[in-house]
Amino acid sequence: MSSTPTLDAVRGRGALRAVVSRGIRGLSQRGDDGRWVGLDTDIARAVAAAAAGDGEAVEWVSSDPADRLTHLAAGDAELTVSNVSWTLGREASVPVLFAGVTCYDGEGFLVRADSGITTPEQLAGQRVAVQAGTTSAANLASWYGKRGLAVEPVAHATPAETLAAYADGACVAYVLDRVALAGERAALADPDAHRILDTAISREPMAAAVRDDDASWFRLCRWVLQLLVSAEHHVEEVGEREKALAQAAEAAGAHGPAIGLDQDWAARVLAAVGTYADVYERNLGPATGLNVPRGLNELFTRGGLQYAVPLH
């Protein structure tokens, strides 16, 4: 098998280091038992299963939004999965590459249900809470500026501080990716007293990122992501889940030696986290209490944007 400096480092340590948030329900949050859970953390487990041989072999690097990519660039981690949007500006200013979209989203607004606010325009002139280091402030300036309006974004370093600024009334709205807002809303004392507006004001392809100095590691992470979507599509086509997963694992596994892995890598990934559908439902589906519709995250066959690149 070929290898890469990053893969060698992960194997030598016996664990993948992954940058995650300070805690956003549904994406990356430490549970009461100390275990990190969420869509982003499951993506990290998928990479760990492929590279380190164990989906639980992850060292979590919890980070403020502003430092999600700088930790990665500095060599503190091998992967960032922290609800970070894929943008040209980020790839141009930090030595990182985005290996693939983990969740398609858009910037949204959390407001009090009894506020009477139903559209973003009604927030013009108001203070809104945002997380420092995110695209929120720029998105607000662009969206409102085109309409001759403006809001006053008030930035806070952590999700907890941002949510508190909204919860105590210092800001009339909390602006963040709508999937992340579902988790933040659930953390409030009375979630039913708050609602997420229907309007999204931007496109936010949340993605997994790696450093740009190891093309083989980038390729490995990209194909782990592709496997999750490809396996879901194959289950849809075959109909028999276990048969379909075995076929998907065998087809992808055959390419393992070419990307520094053994032929069982895909089977380990699917055993650790399942398909993309499993990851999404486990962390954002109805049983979680968040019930975030898949929407653009559906397979292309069901009107979504998730489309797996062919394995052969």
# chains A, B, ... in the order shown; residues from 1 in each chain; ligands from 1
$ residues_around --residues "Gly100 in chain A" --least-positions-apart "2" --cutoff "12 Å" --atoms "only C-alpha atoms" --output "VMD selection string"
chain A and resid 43 79 to 81 84 to 87 97 to 98 102 to 104 205 to 210 218 to 229 306 to 309
$ closest_atom_pairs --of "range 52-101 of chain A" --to "range 244-267 of chain A" --cutoff "10 Å" --atoms "only C-alpha atoms" --output "tab-separated table"
residue	atom	partner	partner_atom	distance
A:Ala52	CA	A:Trp265	CA	9.6
A:Gly53	CA	A:Trp265	CA	7.6
A:Asp54	CA	A:Trp265	CA	9.9
$ write_last_selection --atoms "N, CA and C atoms" --output "PDB file, in the first residue's frame"
ATOM      1  N   ALA A  52      -7.375   4.910  10.719  1.00  0.00           N
ATOM      2  CA  ALA A  52      -6.794   4.390  11.957  1.00  0.00           C
ATOM      3  C   ALA A  52      -7.314   2.998  12.295  1.00  0.00           C
ATOM      4  N   GLY A  53      -8.324   2.536  11.543  1.00  0.00           N
ATOM      5  CA  GLY A  53      -8.853   1.198  11.777  1.00  0.00           C
ATOM      6  C   GLY A  53      -9.940   1.123  12.812  1.00  0.00           C
ATOM      7  N   ASP A  54     -10.325   2.271  13.396  1.00  0.00           N
ATOM      8  CA  ASP A  54     -11.319   2.287  14.464  1.00  0.00           C
ATOM      9  C   ASP A  54     -12.045   3.625  14.438  1.00  0.00           C
TER      10      ASP A  54
END
$ atom_distance --atom1 "CA of Pro95 in chain A" --atom2 "CA of Thr162 in chain A"
27.9 Å
$ residues_around --residues "Leu140 in chain A" --least-positions-apart "3" --cutoff "9 Å" --atoms "only C-alpha atoms" --output "list in words"
Glu107, Thr135, Ser136, Ala137, Trp143, Tyr144, Gly145, Ala150, Val151, Pro153, Val175, Ile201 and Ser202 of chain A
$ write_last_selection --atoms "N, CA and C atoms" --output "PDB file, in the first residue's frame"
ATOM      1  N   GLU A 107     -27.841  30.436   5.524  1.00  0.00           N
ATOM      2  CA  GLU A 107     -27.918  31.321   6.695  1.00  0.00           C
ATOM      3  C   GLU A 107     -29.371  31.634   7.029  1.00  0.00           C
ATOM      4  N   THR A 135     -19.300  33.276   8.380  1.00  0.00           N
ATOM      5  CA  THR A 135     -19.654  34.108   7.225  1.00  0.00           C
ATOM      6  C   THR A 135     -20.898  34.959   7.494  1.00  0.00           C
ATOM      7  N   SER A 136     -21.442  34.893   8.696  1.00  0.00           N
ATOM      8  CA  SER A 136     -22.727  35.540   8.980  1.00  0.00           C
ATOM      9  C   SER A 136     -22.717  37.033   8.718  1.00  0.00           C
ATOM     10  N   ALA A 137     -21.734  37.760   9.255  1.00  0.00           N
ATOM     11  CA  ALA A 137     -21.718  39.218   9.120  1.00  0.00           C
ATOM     12  C   ALA A 137     -21.643  39.624   7.648  1.00  0.00           C
ATOM     13  N   TRP A 143     -26.867  40.716   1.881  1.00  0.00           N
ATOM     14  CA  TRP A 143     -28.307  40.549   1.680  1.00  0.00           C
ATOM     15  C   TRP A 143     -29.070  41.832   1.968  1.00  0.00           C
ATOM     16  N   TYR A 144     -28.770  42.461   3.082  1.00  0.00           N
ATOM     17  CA  TYR A 144     -29.490  43.683   3.437  1.00  0.00           C
ATOM     18  C   TYR A 144     -29.041  44.869   2.581  1.00  0.00           C
ATOM     19  N   GLY A 145     -27.734  44.904   2.249  1.00  0.00           N
ATOM     20  CA  GLY A 145     -27.220  46.013   1.445  1.00  0.00           C
ATOM     21  C   GLY A 145     -27.889  46.105   0.093  1.00  0.00           C
ATOM     22  N   ALA A 150     -30.068  47.560   6.579  1.00  0.00           N
ATOM     23  CA  ALA A 150     -28.915  47.112   7.360  1.00  0.00           C
ATOM     24  C   ALA A 150     -29.382  46.609   8.717  1.00  0.00           C
ATOM     25  N   VAL A 151     -28.609  45.703   9.285  1.00  0.00           N
ATOM     26  CA  VAL A 151     -28.793  45.272  10.668  1.00  0.00           C
ATOM     27  C   VAL A 151     -27.476  45.514  11.387  1.00  0.00           C
ATOM     28  N   PRO A 153     -24.844  43.548  13.339  1.00  0.00           N
ATOM     29  CA  PRO A 153     -24.372  42.257  13.843  1.00  0.00           C
ATOM     30  C   PRO A 153     -23.497  42.438  15.075  1.00  0.00           C
ATOM     31  N   VAL A 175     -28.307  34.748  14.164  1.00  0.00           N
ATOM     32  CA  VAL A 175     -28.080  34.439  12.757  1.00  0.00           C
ATOM     33  C   VAL A 175     -26.984  33.384  12.637  1.00  0.00           C
ATOM     34  N   ILE A 201     -30.744  33.285   3.592  1.00  0.00           N
ATOM     35  CA  ILE A 201     -30.196  34.411   2.832  1.00  0.00           C
ATOM     36  C   ILE A 201     -28.862  34.095   2.158  1.00  0.00           C
ATOM     37  N   SER A 202     -28.424  32.860   2.232  1.00  0.00           N
ATOM     38  CA  SER A 202     -27.154  32.511   1.598  1.00  0.00           C
ATOM     39  C   SER A 202     -27.109  31.014   1.318  1.00  0.00           C
TER      40      SER A 202
END
$ residues_around --residues "range 113-121 of chain A" --least-positions-apart "4" --cutoff "6 Å" --atoms "only C-alpha atoms" --output "ChimeraX atom specification"
/A:193-195
$ write_last_selection --atoms "all heavy atoms" --output "mmCIF file, in the first residue's frame"
data_model
loop_
_atom_site.group_PDB
_atom_site.id
_atom_site.type_symbol
_atom_site.label_atom_id
_atom_site.label_comp_id
_atom_site.auth_asym_id
_atom_site.auth_seq_id
_atom_site.Cartn_x
_atom_site.Cartn_y
_atom_site.Cartn_z
ATOM 1 N N ALA A 193 -40.876 28.583 22.275
ATOM 2 C CA ALA A 193 -41.067 30.036 22.315
ATOM 3 C C ALA A 193 -40.235 30.742 21.249
ATOM 4 O O ALA A 193 -40.236 31.980 21.175
ATOM 5 C CB ALA A 193 -40.705 30.576 23.697
ATOM 6 N N HIS A 194 -39.547 29.965 20.407
ATOM 7 C CA HIS A 194 -38.672 30.532 19.386
ATOM 8 C C HIS A 194 -38.907 29.799 18.065
ATOM 9 O O HIS A 194 -39.309 28.639 18.057
ATOM 10 C CB HIS A 194 -37.207 30.389 19.807
ATOM 11 C CG HIS A 194 -36.926 30.946 21.166
ATOM 12 N ND1 HIS A 194 -36.479 32.231 21.382
ATOM 13 C CD2 HIS A 194 -37.069 30.377 22.408
ATOM 14 C CE1 HIS A 194 -36.345 32.421 22.680
ATOM 15 N NE2 HIS A 194 -36.696 31.324 23.321
ATOM 16 N N ARG A 195 -38.672 30.496 16.967
ATOM 17 C CA ARG A 195 -38.852 29.882 15.661
ATOM 18 C C ARG A 195 -37.749 30.319 14.709
ATOM 19 O O ARG A 195 -37.154 31.400 14.864
ATOM 20 C CB ARG A 195 -40.224 30.234 15.068
ATOM 21 C CG ARG A 195 -40.427 31.708 14.746
ATOM 22 C CD ARG A 195 -41.850 31.981 14.263
ATOM 23 N NE ARG A 195 -42.143 31.271 13.040
ATOM 24 C CZ ARG A 195 -42.035 31.815 11.829
ATOM 25 N NH1 ARG A 195 -41.651 33.081 11.699
ATOM 26 N NH2 ARG A 195 -42.325 31.116 10.753
#
$ residues_around --residues "His156 in chain A" --least-positions-apart "4" --cutoff "7 Å" --atoms "only C-alpha atoms" --output "number ranges by chain"
A: 130-132, 161-162
$ write_last_selection --atoms "C-alpha atoms" --output "PDB file, in the first residue's frame"
ATOM      1  CA  VAL A 130     -23.575  36.233  15.226  1.00  0.00           C
ATOM      2  CA  GLN A 131     -20.570  34.023  15.869  1.00  0.00           C
ATOM      3  CA  ALA A 132     -17.191  35.622  15.235  1.00  0.00           C
ATOM      4  CA  GLU A 161     -21.967  33.330  24.252  1.00  0.00           C
ATOM      5  CA  THR A 162     -23.885  34.022  21.049  1.00  0.00           C
TER       6      THR A 162
END
$ residues_around --residues "Gly26 in chain A" --least-positions-apart "2" --cutoff "8 Å" --atoms "only C-alpha atoms" --output "PyMOL selection string"
chain A and resi 24+28-29+37-39+180+183+283-284+290
$ write_last_selection --atoms "N, CA and C atoms" --output "PDB file, in the first residue's frame"
ATOM      1  N   ILE A  24     -22.460  22.238  19.322  1.00  0.00           N
ATOM      2  CA  ILE A  24     -23.710  22.571  18.636  1.00  0.00           C
ATOM      3  C   ILE A  24     -24.477  21.271  18.427  1.00  0.00           C
ATOM      4  N   SER A  28     -21.873  18.796  16.371  1.00  0.00           N
ATOM      5  CA  SER A  28     -20.771  18.277  17.200  1.00  0.00           C
ATOM      6  C   SER A  28     -20.966  18.800  18.618  1.00  0.00           C
ATOM      7  N   GLN A  29     -21.238  17.876  19.525  1.00  0.00           N
ATOM      8  CA  GLN A  29     -21.508  18.236  20.913  1.00  0.00           C
ATOM      9  C   GLN A  29     -21.089  17.080  21.821  1.00  0.00           C
ATOM     10  N   VAL A  37     -20.936  13.644  19.814  1.00  0.00           N
ATOM     11  CA  VAL A  37     -21.927  13.136  18.874  1.00  0.00           C
ATOM     12  C   VAL A  37     -22.346  14.257  17.924  1.00  0.00           C
ATOM     13  N   GLY A  38     -22.858  13.866  16.748  1.00  0.00           N
ATOM     14  CA  GLY A  38     -23.325  14.838  15.765  1.00  0.00           C
ATOM     15  C   GLY A  38     -22.908  14.440  14.366  1.00  0.00           C
ATOM     16  N   LEU A  39     -23.477  15.095  13.386  1.00  0.00           N
ATOM     17  CA  LEU A  39     -23.164  14.797  11.985  1.00  0.00           C
ATOM     18  C   LEU A  39     -21.682  15.007  11.706  1.00  0.00           C
ATOM     19  N   ALA A 180     -27.612  24.413  12.059  1.00  0.00           N
ATOM     20  CA  ALA A 180     -27.021  24.690  13.367  1.00  0.00           C
ATOM     21  C   ALA A 180     -28.023  25.407  14.275  1.00  0.00           C
ATOM     22  N   GLY A 183     -30.232  23.148  16.307  1.00  0.00           N
ATOM     23  CA  GLY A 183     -29.604  22.667  17.524  1.00  0.00           C
ATOM     24  C   GLY A 183     -29.546  23.730  18.599  1.00  0.00           C
ATOM     25  N   ASN A 283     -28.509  12.015  13.614  1.00  0.00           N
ATOM     26  CA  ASN A 283     -28.120  13.263  14.264  1.00  0.00           C
ATOM     27  C   ASN A 283     -29.087  14.435  14.072  1.00  0.00           C
ATOM     28  N   LEU A 284     -29.881  14.405  12.993  1.00  0.00           N
ATOM     29  CA  LEU A 284     -30.766  15.529  12.683  1.00  0.00           C
ATOM     30  C   LEU A 284     -32.204  15.109  12.417  1.00  0.00           C
ATOM     31  N   LEU A 290     -34.780  17.297  16.773  1.00  0.00           N
ATOM     32  CA  LEU A 290     -34.465  18.441  15.900  1.00  0.00           C
ATOM     33  C   LEU A 290     -35.313  18.398  14.642  1.00  0.00           C
TER      34      LEU A 290
END
$ residues_around --residues "Ala129 in chain A" --least-positions-apart "6" --cutoff "7 Å" --atoms "only C-alpha atoms" --output "VMD selection string"
chain A and resid 153 to 155 162 165 to 166 171 173 to 175
$ write_last_selection --atoms "all heavy atoms" --output "mmCIF file, in the first residue's frame"
data_model
loop_
_atom_site.group_PDB
_atom_site.id
_atom_site.type_symbol
_atom_site.label_atom_id
_atom_site.label_comp_id
_atom_site.auth_asym_id
_atom_site.auth_seq_id
_atom_site.Cartn_x
_atom_site.Cartn_y
_atom_site.Cartn_z
ATOM 1 N N PRO A 153 -24.844 43.548 13.339
ATOM 2 C CA PRO A 153 -24.372 42.257 13.843
ATOM 3 C C PRO A 153 -23.497 42.438 15.075
ATOM 4 O O PRO A 153 -22.597 43.287 15.089
ATOM 5 C CB PRO A 153 -23.573 41.697 12.667
ATOM 6 C CG PRO A 153 -23.210 42.860 11.823
ATOM 7 C CD PRO A 153 -24.203 43.936 12.081
ATOM 8 N N VAL A 154 -23.784 41.658 16.111
ATOM 9 C CA VAL A 154 -23.006 41.700 17.347
ATOM 10 C C VAL A 154 -22.306 40.352 17.473
ATOM 11 O O VAL A 154 -22.956 39.325 17.684
ATOM 12 C CB VAL A 154 -23.912 41.964 18.567
ATOM 13 C CG1 VAL A 154 -23.073 42.040 19.834
ATOM 14 C CG2 VAL A 154 -24.715 43.248 18.368
ATOM 15 N N ALA A 155 -20.965 40.344 17.319
ATOM 16 C CA ALA A 155 -20.212 39.098 17.262
ATOM 17 C C ALA A 155 -19.780 38.621 18.640
ATOM 18 O O ALA A 155 -19.393 39.419 19.504
ATOM 19 C CB ALA A 155 -18.988 39.273 16.371
ATOM 20 N N THR A 162 -22.965 33.479 22.051
ATOM 21 C CA THR A 162 -23.885 34.022 21.049
ATOM 22 C C THR A 162 -25.327 33.699 21.412
ATOM 23 O O THR A 162 -26.206 34.566 21.354
ATOM 24 C CB THR A 162 -23.560 33.454 19.658
ATOM 25 O OG1 THR A 162 -22.155 33.507 19.428
ATOM 26 C CG2 THR A 162 -24.260 34.259 18.571
ATOM 27 N N ALA A 165 -26.499 35.859 24.288
ATOM 28 C CA ALA A 165 -26.805 37.240 23.898
ATOM 29 C C ALA A 165 -28.193 37.340 23.291
ATOM 30 O O ALA A 165 -28.895 38.341 23.472
ATOM 31 C CB ALA A 165 -25.759 37.742 22.907
ATOM 32 N N TYR A 166 -28.584 36.287 22.568
ATOM 33 C CA TYR A 166 -29.940 36.257 22.025
ATOM 34 C C TYR A 166 -30.959 35.947 23.125
ATOM 35 O O TYR A 166 -31.995 36.608 23.245
ATOM 36 C CB TYR A 166 -30.031 35.215 20.915
ATOM 37 C CG TYR A 166 -31.451 34.863 20.538
ATOM 38 C CD1 TYR A 166 -32.251 35.761 19.834
ATOM 39 C CD2 TYR A 166 -32.002 33.638 20.922
ATOM 40 C CE1 TYR A 166 -33.562 35.437 19.515
ATOM 41 C CE2 TYR A 166 -33.309 33.316 20.595
ATOM 42 C CZ TYR A 166 -34.088 34.220 19.900
ATOM 43 O OH TYR A 166 -35.393 33.902 19.596
ATOM 44 N N CYS A 171 -30.053 40.827 21.836
ATOM 45 C CA CYS A 171 -30.223 40.821 20.384
ATOM 46 C C CYS A 171 -31.596 40.246 20.062
ATOM 47 O O CYS A 171 -32.071 39.336 20.756
ATOM 48 C CB CYS A 171 -29.140 39.987 19.718
ATOM 49 S SG CYS A 171 -27.460 40.660 19.902
ATOM 50 N N ALA A 173 -32.408 38.672 17.303
ATOM 51 C CA ALA A 173 -32.318 37.467 16.473
ATOM 52 C C ALA A 173 -30.928 36.874 16.599
ATOM 53 O O ALA A 173 -29.970 37.549 16.988
ATOM 54 C CB ALA A 173 -32.620 37.790 15.010
ATOM 55 N N TYR A 174 -30.838 35.596 16.287
ATOM 56 C CA TYR A 174 -29.566 34.866 16.244
ATOM 57 C C TYR A 174 -29.417 34.402 14.803
ATOM 58 O O TYR A 174 -30.309 33.730 14.261
ATOM 59 C CB TYR A 174 -29.647 33.696 17.210
ATOM 60 C CG TYR A 174 -28.393 32.851 17.377
ATOM 61 C CD1 TYR A 174 -28.392 31.808 18.302
ATOM 62 C CD2 TYR A 174 -27.235 33.055 16.642
ATOM 63 C CE1 TYR A 174 -27.272 31.000 18.490
ATOM 64 C CE2 TYR A 174 -26.114 32.266 16.811
ATOM 65 C CZ TYR A 174 -26.139 31.239 17.745
ATOM 66 O OH TYR A 174 -25.043 30.447 17.929
ATOM 67 N N VAL A 175 -28.307 34.748 14.164
ATOM 68 C CA VAL A 175 -28.080 34.439 12.757
ATOM 69 C C VAL A 175 -26.984 33.384 12.637
ATOM 70 O O VAL A 175 -25.882 33.559 13.157
ATOM 71 C CB VAL A 175 -27.689 35.704 11.973
ATOM 72 C CG1 VAL A 175 -27.486 35.372 10.492
ATOM 73 C CG2 VAL A 175 -28.750 36.782 12.136
#
$ select_by_dssp --residues "range 98-283 of chain A" --states "strand (DSSP E or B)" --output "number ranges by chain"
A: 98-105, 107-112, 127-131, 152-156, 173-177, 194-196, 204-211
$ atom_distance --atom1 "CA of Ile196 in chain A" --atom2 "CA of Val292 in chain A"
11.3 Å
$ atom_distance --atom1 "CA of Gly274 in chain A" --atom2 "CA of Leu311 in chain A"
17.5 Å
$ select_by_dssp --residues "range 105-304 of chain A" --states "helix (DSSP H, G or I)" --output "count of residues only"
106
$ closest_residue --among "A:Trp217, A:Gly169, A:Val20, A:His71" --to "Arg127 in chain A" --atoms "only C-alpha atoms"
A:Gly169
$ closest_residue --among "A:Asp42, A:Asp32, A:Pro310, A:Thr158" --to "Glu281 in chain A" --atoms "only C-alpha atoms"
A:Asp42
$ closest_residue --among "A:Ala9, A:Leu197, A:Ala15, A:Val279" --to "Ala48 in chain A" --atoms "only C-alpha atoms"
A:Ala15
$ closest_residue --among "A:Leu181, A:Ala189, A:Leu27, A:Ala215" --to "Val96 in chain A" --atoms "only C-alpha atoms"
A:Ala215
$ closest_residue --among "A:Pro65, A:Gly12, A:Gly295, A:Gly55" --to "Ala160 in chain A" --atoms "only C-alpha atoms"
A:Pro65
